[in-house]
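As provided, data.tsv (TSV, C-alpha atoms) reads as follows.
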chain	number	residue	atom	x	y	z
A	1	MET	CA	7.19	49.87	-29.66
A	2	ILE	CA	10.22	47.75	-28.72
A	3	ALA	CA	12.81	49.33	-26.45
A	4	GLU	CA	16.43	49.57	-27.54
A	5	ILE	CA	18.77	46.81	-26.44
A	6	PRO	CA	21.72	47.61	-24.17
A	7	GLN	CA	25.08	47.67	-25.90
A	8	GLN	CA	26.50	44.78	-23.87
A	9	LEU	CA	24.60	41.52	-24.01
A	10	ASN	CA	25.26	38.10	-22.50
A	11	ILE	CA	23.21	34.96	-22.07
A	12	SER	CA	21.86	36.02	-18.66
A	13	SER	CA	20.94	39.59	-19.60
A	14	PHE	CA	19.45	38.27	-22.86
A	15	PHE	CA	16.38	36.81	-21.17
A	16	ASN	CA	16.15	39.42	-18.43
A	17	ASN	CA	16.14	42.13	-21.09
A	18	CYS	CA	13.36	40.29	-22.88
A	19	VAL	CA	11.22	40.86	-19.82
A	20	ASN	CA	12.34	44.37	-18.94
A	21	ASN	CA	12.95	45.94	-22.34
A	22	PHE	CA	11.46	43.97	-25.20
A	23	ILE	CA	7.97	42.99	-24.12
A	24	PHE	CA	5.16	45.22	-25.30
A	25	GLN	CA	3.25	46.55	-22.31
A	26	PRO	CA	-0.47	46.12	-22.97
A	27	SER	CA	-3.22	46.51	-20.38
A	28	THR	CA	-5.02	43.52	-18.90
A	29	GLU	CA	-7.79	43.99	-21.43
A	30	ASP	CA	-5.25	44.09	-24.26
A	31	ASN	CA	-3.70	40.84	-23.03
A	32	ALA	CA	-7.07	39.11	-23.19
A	33	LEU	CA	-7.64	40.51	-26.66
A	34	HIS	CA	-4.23	39.34	-27.86
A	35	LYS	CA	-4.88	35.79	-26.64
A	36	SER	CA	-8.22	35.70	-28.40
A	37	LYS	CA	-6.55	36.69	-31.67
A	38	LEU	CA	-3.77	34.08	-31.64
A	39	GLN	CA	-3.77	32.34	-35.01
A	40	LEU	CA	-0.31	31.42	-36.21
A	41	LYS	CA	1.69	28.85	-34.24
A	42	ALA	CA	5.43	28.62	-33.66
A	43	TYR	CA	7.57	25.81	-32.26
A	44	LEU	CA	10.30	27.17	-29.96
A	45	ALA	CA	13.26	24.79	-30.33
A	46	ASN	CA	15.65	25.22	-27.41
A	47	GLN	CA	17.82	23.48	-24.84
A	48	LEU	CA	17.25	25.99	-22.06
A	49	GLY	CA	14.45	24.01	-20.44
A	50	PHE	CA	17.08	21.61	-19.11
A	51	SER	CA	18.55	24.40	-16.98
A	52	ALA	CA	17.06	25.37	-13.63
A	53	LEU	CA	18.61	28.82	-14.12
A	54	PHE	CA	17.07	29.54	-17.51
A	55	SER	CA	13.78	27.61	-17.48
A	56	ASN	CA	11.79	30.45	-15.92
A	57	LEU	CA	13.42	33.01	-18.20
A	58	LEU	CA	12.56	30.80	-21.17
A	59	HIS	CA	8.90	31.16	-20.26
A	60	ASP	CA	9.34	34.95	-20.34
A	61	PHE	CA	10.91	34.81	-23.80
A	62	LYS	CA	7.97	32.74	-24.99
A	63	GLY	CA	5.76	35.62	-23.83
A	64	VAL	CA	7.77	38.04	-25.96
A	65	ILE	CA	6.92	36.05	-29.08
A	66	GLU	CA	3.27	35.67	-28.10
A	67	GLU	CA	2.98	39.45	-27.86
A	68	LEU	CA	3.22	39.27	-31.66
A	69	GLU	CA	-0.10	37.36	-31.54
A	70	ILE	CA	1.56	34.02	-32.30
A	71	LYS	CA	0.83	30.88	-30.30
A	72	VAL	CA	4.13	29.38	-29.12
A	73	TYR	CA	4.68	25.68	-28.44
A	74	GLU	CA	7.56	25.42	-25.97
A	75	PRO	CA	8.45	21.69	-25.81
A	76	PHE	CA	9.48	21.54	-22.15
A	77	GLU	CA	6.30	23.26	-21.05
A	78	GLU	CA	4.12	21.17	-23.36
A	79	GLY	CA	5.78	17.94	-22.24
A	80	GLY	CA	5.16	18.79	-18.61
A	81	ARG	CA	1.56	19.67	-19.34
A	82	TYR	CA	0.77	16.48	-21.23
A	83	PHE	CA	2.79	14.03	-19.16
A	84	SER	CA	2.98	15.47	-15.63
A	85	LYS	CA	1.65	12.21	-14.13
A	86	ASP	CA	4.32	10.21	-15.96
A	87	PHE	CA	7.08	12.41	-14.51
A	88	GLU	CA	5.58	12.07	-11.03
A	89	ARG	CA	5.33	8.29	-11.33
A	90	ILE	CA	8.96	7.96	-12.43
A	91	GLU	CA	10.11	9.97	-9.42
A	92	GLY	CA	8.53	7.35	-7.17
A	93	ILE	CA	10.10	4.31	-8.85
A	94	GLU	CA	13.07	2.89	-6.92
A	95	ASN	CA	13.88	-0.20	-8.98
A	96	HIS	CA	16.54	0.68	-11.54
A	97	VAL	CA	15.21	-1.55	-14.32
A	98	GLU	CA	11.62	-0.39	-13.84
A	99	LYS	CA	12.74	3.24	-13.86
A	100	ARG	CA	14.70	2.75	-17.08
A	101	ILE	CA	11.70	1.12	-18.77
A	102	ALA	CA	9.45	3.97	-17.59
A	103	TRP	CA	11.89	6.55	-18.95
A	104	GLU	CA	12.06	4.72	-22.29
A	105	SER	CA	8.27	4.91	-22.56
A	106	LEU	CA	8.11	8.57	-21.56
A	107	SER	CA	10.98	9.51	-23.89
A	108	GLU	CA	9.07	8.05	-26.82
A	109	LYS	CA	5.93	9.96	-25.82
A	110	LEU	CA	7.87	13.22	-25.56
A	111	ALA	CA	9.57	12.75	-28.92
A	112	ARG	CA	6.26	11.99	-30.65
A	113	LEU	CA	4.62	14.99	-28.98
A	114	ASN	CA	7.40	17.25	-30.26
A	115	ILE	CA	6.91	15.89	-33.77
A	116	LYS	CA	3.18	16.54	-33.55
A	117	LEU	CA	3.76	20.10	-32.33
A	118	MET	CA	6.25	20.81	-35.13
A	119	ASN	CA	3.82	19.38	-37.69
A	120	ASP	CA	1.18	21.74	-36.33
A	121	SER	CA	3.41	24.84	-36.32
A	122	ASP	CA	3.55	27.50	-39.02
A	123	CYS	CA	7.19	28.36	-38.25
A	124	LEU	CA	10.05	27.22	-36.07
A	125	ILE	CA	12.05	29.56	-33.83
A	126	ALA	CA	15.38	28.11	-32.73
A	127	LEU	CA	17.54	29.43	-29.88
A	128	LEU	CA	21.09	28.61	-30.94
A	129	ASP	CA	23.22	29.83	-28.01
A	130	GLY	CA	25.16	27.61	-25.67
A	131	GLY	CA	28.61	27.02	-27.13
A	132	HIS	CA	30.51	26.33	-30.32
A	133	ALA	CA	28.06	23.64	-31.47
A	134	VAL	CA	24.27	23.90	-31.62
A	135	ASP	CA	22.43	21.62	-29.17
A	136	ASP	CA	21.83	18.17	-30.68
A	137	GLY	CA	18.09	18.19	-30.00
A	138	VAL	CA	17.67	21.65	-31.50
A	139	SER	CA	19.74	20.59	-34.52
A	140	SER	CA	17.56	17.55	-35.14
A	141	GLU	CA	14.38	19.63	-34.88
A	142	ILE	CA	15.73	22.14	-37.39
A	143	GLY	CA	16.57	19.31	-39.79
A	144	TYR	CA	13.15	17.72	-39.36
A	145	TYR	CA	11.26	20.98	-39.80
A	146	ALA	CA	13.27	21.88	-42.87
A	147	GLY	CA	12.43	18.47	-44.31
A	148	ILE	CA	8.66	18.73	-43.88
A	149	LYS	CA	8.72	22.21	-45.47
A	150	ARG	CA	6.00	23.46	-43.13
A	151	GLY	CA	7.24	27.04	-42.85
A	152	PRO	CA	10.23	29.32	-42.22
A	153	ILE	CA	12.88	28.73	-39.58
A	154	PHE	CA	14.05	31.72	-37.55
A	155	GLY	CA	17.35	31.14	-35.76
A	156	LEU	CA	18.64	33.38	-32.98
A	157	ARG	CA	22.28	33.24	-31.88
A	158	THR	CA	23.50	35.92	-29.49
A	159	ASP	CA	26.72	33.94	-28.85
A	160	SER	CA	29.64	35.72	-30.53
A	161	ARG	CA	31.65	32.53	-31.17
A	162	LEU	CA	31.90	31.29	-34.76
A	163	ALA	CA	31.38	27.71	-35.95
A	164	ASP	CA	32.98	26.11	-39.02
A	165	ASN	CA	34.75	29.20	-40.39
A	166	MET	CA	34.63	32.98	-40.33
A	167	GLY	CA	31.65	32.88	-42.70
A	168	SER	CA	29.65	30.50	-40.50
A	169	PRO	CA	28.25	31.80	-37.22
A	170	ILE	CA	26.65	28.35	-36.82
A	171	ASN	CA	27.07	24.92	-38.41
A	172	LEU	CA	26.93	25.42	-42.18
A	173	GLN	CA	24.29	22.72	-42.75
A	174	ILE	CA	21.96	24.23	-40.12
A	175	HIS	CA	22.51	27.64	-41.69
A	176	GLU	CA	21.55	26.23	-45.09
A	177	PHE	CA	18.39	24.61	-43.70
A	178	ILE	CA	17.34	28.00	-42.32
A	179	LYS	CA	17.96	29.71	-45.68
A	180	LEU	CA	16.16	27.01	-47.67
A	181	SER	CA	13.12	27.38	-45.41
A	182	LYS	CA	12.99	31.07	-46.40
A	183	GLY	CA	13.55	31.95	-42.77
A	184	LYS	CA	16.36	34.01	-41.29
A	185	LEU	CA	19.42	33.57	-39.10
A	186	ILE	CA	19.88	36.47	-36.71
A	187	ASP	CA	23.33	36.27	-35.15
A	188	TYR	CA	25.52	38.48	-33.00
A	189	SER	CA	28.33	38.71	-35.55
A	190	HIS	CA	26.02	40.50	-38.00
A	191	TYR	CA	23.55	42.36	-35.79
A	192	GLY	CA	25.37	42.81	-32.49
A	193	SER	CA	23.23	43.74	-29.52
A	194	ASP	CA	20.26	44.53	-31.77
A	195	CYS	CA	19.79	40.88	-32.78
A	196	ILE	CA	16.69	40.24	-30.64
A	197	ASN	CA	14.89	43.27	-32.03
A	198	VAL	CA	15.80	42.04	-35.52
A	199	LEU	CA	14.35	38.61	-34.72
A	200	LEU	CA	11.07	40.08	-33.50
A	201	LYS	CA	10.82	42.29	-36.58
A	202	ALA	CA	11.54	39.38	-38.93
A	203	ILE	CA	8.81	37.26	-37.32
A	204	GLU	CA	6.36	40.15	-37.39
A	205	ASN	CA	7.07	40.83	-41.08
A	206	TRP	CA	6.51	37.15	-41.92
A	207	LYS	CA	3.24	37.10	-39.97
A	208	ASN	CA	1.96	40.21	-41.71
A	209	LEU	CA	2.92	38.80	-45.10
A	210	ILE	CA	0.90	35.59	-44.81
A	211	LEU	CA	-2.17	36.85	-42.94
Just give me the structure of the file as structure tokens.
Amino acid sequence: MIAEIPQQLNISSFFNNCVNNFIFQPSTEDNALHKSKLQLKAYLANQLGFSALFSNLLHDFKGVIEELEIKVYEPFEEGGRYFSKDFERIEGIENHVEKRIAWESLSEKLARLNIKLMNDSDCLIALLDGGHAVDDGVSSEIGYYAGIKRGPIFGLRTDSRLADNMGSPINLQIHEFIKLSKGKLIDYSHYGSDCINVLLKAIENWKNLIL
């Protein structure tokens, strides 16, 4: 059972509450069983991996989704896992031109890996907080995933700021992509502090429907 969410919610307490309040609490044996049952895969589109403050908390939120027995591809984690040696090599390059060329090569590898992971995912979960506009990388991934029609898009926005107008909690085109994918936008203006519980329930209902 998922614990109730505190009435006041901000970006910092959002991820801390995921750990303290929202994660199911199985035993060690249950954890092993859950991992063995993972079938569906989700791509977690986000910009939080760029932040030293939120990168560890992002990992915890990934765990919240995986408690629903869904394998989660988190692009920052996957990029580090596949290309750790590339990152290490770039750190040691002192020549500016050589470093730029190395970054160009790695950037292409990362972008193609993200495409592969999205192509392999049964749904896309997008974290849409961070300001008036949705992160450009997250926006492009939503557009791409909507185009390949691989599965539903679930968008989470706990930010209370509106976008284009009072009827648009996010950019209207992104909102339409989510609707066309038969996914769901869960935003603070509609669900308040219960939005994360609503997200988890929506994903769980989708999983139960297709399995």
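Using all atoms listed in the file, the smallest distance between any of A:Gly80, A:Pro152, A:Gly192, A:Gly143 and A:Gln173 comes from A:Gly143.
Using only C-alpha atoms, the nearest neighbour of A:Lys179 within the list A:Ile203, A:Cys123, A:Ile153, A:Ile115 is A:Ile153.
A straight line drawn from atom CA of A:Ile186 to atom CA of A:Ser160 is 11.6 Å long.
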Counting only C-alpha atoms, what are the residues of stretch 94-193 of chain A within 12 Å of stretch 43-64 of chain A, and for each of them which pair of atoms is the nearest and at what distance in Å, to one decimal? Sort the table by chain and rising number, as CSV.
residue,atom,partner,partner_atom,distance
A:Leu113,CA,A:Tyr43,CA,11.7
A:Asn114,CA,A:Tyr43,CA,8.8
A:Ile115,CA,A:Tyr43,CA,10.1
A:Lys116,CA,A:Tyr43,CA,10.3
A:Leu117,CA,A:Tyr43,CA,6.9
A:Met118,CA,A:Tyr43,CA,5.9
A:Asn119,CA,A:Tyr43,CA,9.2
A:Asp120,CA,A:Tyr43,CA,8.6
A:Ser121,CA,A:Tyr43,CA,5.9
A:Asp122,CA,A:Tyr43,CA,8.0
A:Cys123,CA,A:Tyr43,CA,6.5
A:Leu124,CA,A:Tyr43,CA,4.8
A:Ile125,CA,A:Leu44,CA,4.9
A:Ala126,CA,A:Ala45,CA,4.6
A:Leu127,CA,A:Asn46,CA,5.2
A:Leu128,CA,A:Asn46,CA,7.3
A:Asp129,CA,A:Asn46,CA,8.9
A:Gly130,CA,A:Gln47,CA,8.5
A:Gly131,CA,A:Gln47,CA,11.6
A:Val134,CA,A:Gln47,CA,9.4
A:Asp135,CA,A:Gln47,CA,6.6
A:Asp136,CA,A:Gln47,CA,8.9
A:Gly137,CA,A:Gln47,CA,7.4
A:Val138,CA,A:Ala45,CA,5.5
A:Ser139,CA,A:Ala45,CA,8.8
A:Ser140,CA,A:Ala45,CA,9.7
A:Glu141,CA,A:Ala45,CA,7.0
A:Ile142,CA,A:Ala45,CA,7.9
A:Gly143,CA,A:Ala45,CA,11.4
A:Tyr144,CA,A:Ala45,CA,11.5
A:Tyr145,CA,A:Tyr43,CA,9.7
A:Arg150,CA,A:Tyr43,CA,11.2
A:Gly151,CA,A:Tyr43,CA,10.7
A:Pro152,CA,A:Tyr43,CA,10.9
A:Ile153,CA,A:Tyr43,CA,9.5
A:Phe154,CA,A:Leu44,CA,9.6
A:Gly155,CA,A:Ala45,CA,9.3
A:Leu156,CA,A:Asn46,CA,10.3
A:Arg157,CA,A:Asn46,CA,11.3
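As for atom CA of A:Tyr82 and atom CA of A:Glu104, they are spaced 16.3 Å apart.
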Exercise for review: Please provide the set of residues having any atom within 10 Å of A:Arg161, restricted to only C-alpha atoms, with same-chain residues fewer than 6 positions apart removed, written as a ChimeraX atom specification.
Suggested key: /A:129-133,168-170,187-189
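One distance worth recording is that between atom CA of A:Asn208 and atom CA of A:Leu40, which is 10.6 Å.
Taking all atoms listed in the file into account, A:Lys149 lies nearest to A:Leu180 out of the set A:Ile65, A:Leu180, A:Leu200, A:Ile93.
Comparing A:Glu94, A:Thr158, A:Ala146, A:Arg89 by their smallest distance to A:Asn197, the closest is A:Thr158 (using all atoms listed in the file).
Using all atoms listed in the file, the shortest contact distance between A:Asp159 and any of A:Leu110, A:Gly79, A:Lys182, A:Ile196 is found at A:Ile196.
Residues in contact with A:Glu88 at 12 Å, where all atoms listed in the file are counted and same-chain residues fewer than 5 positions away are skipped, are listed as A:Gly80, A:Arg81, A:Phe83, A:Ile93, A:Lys99, A:Ala102, A:Trp103, A:Leu106.
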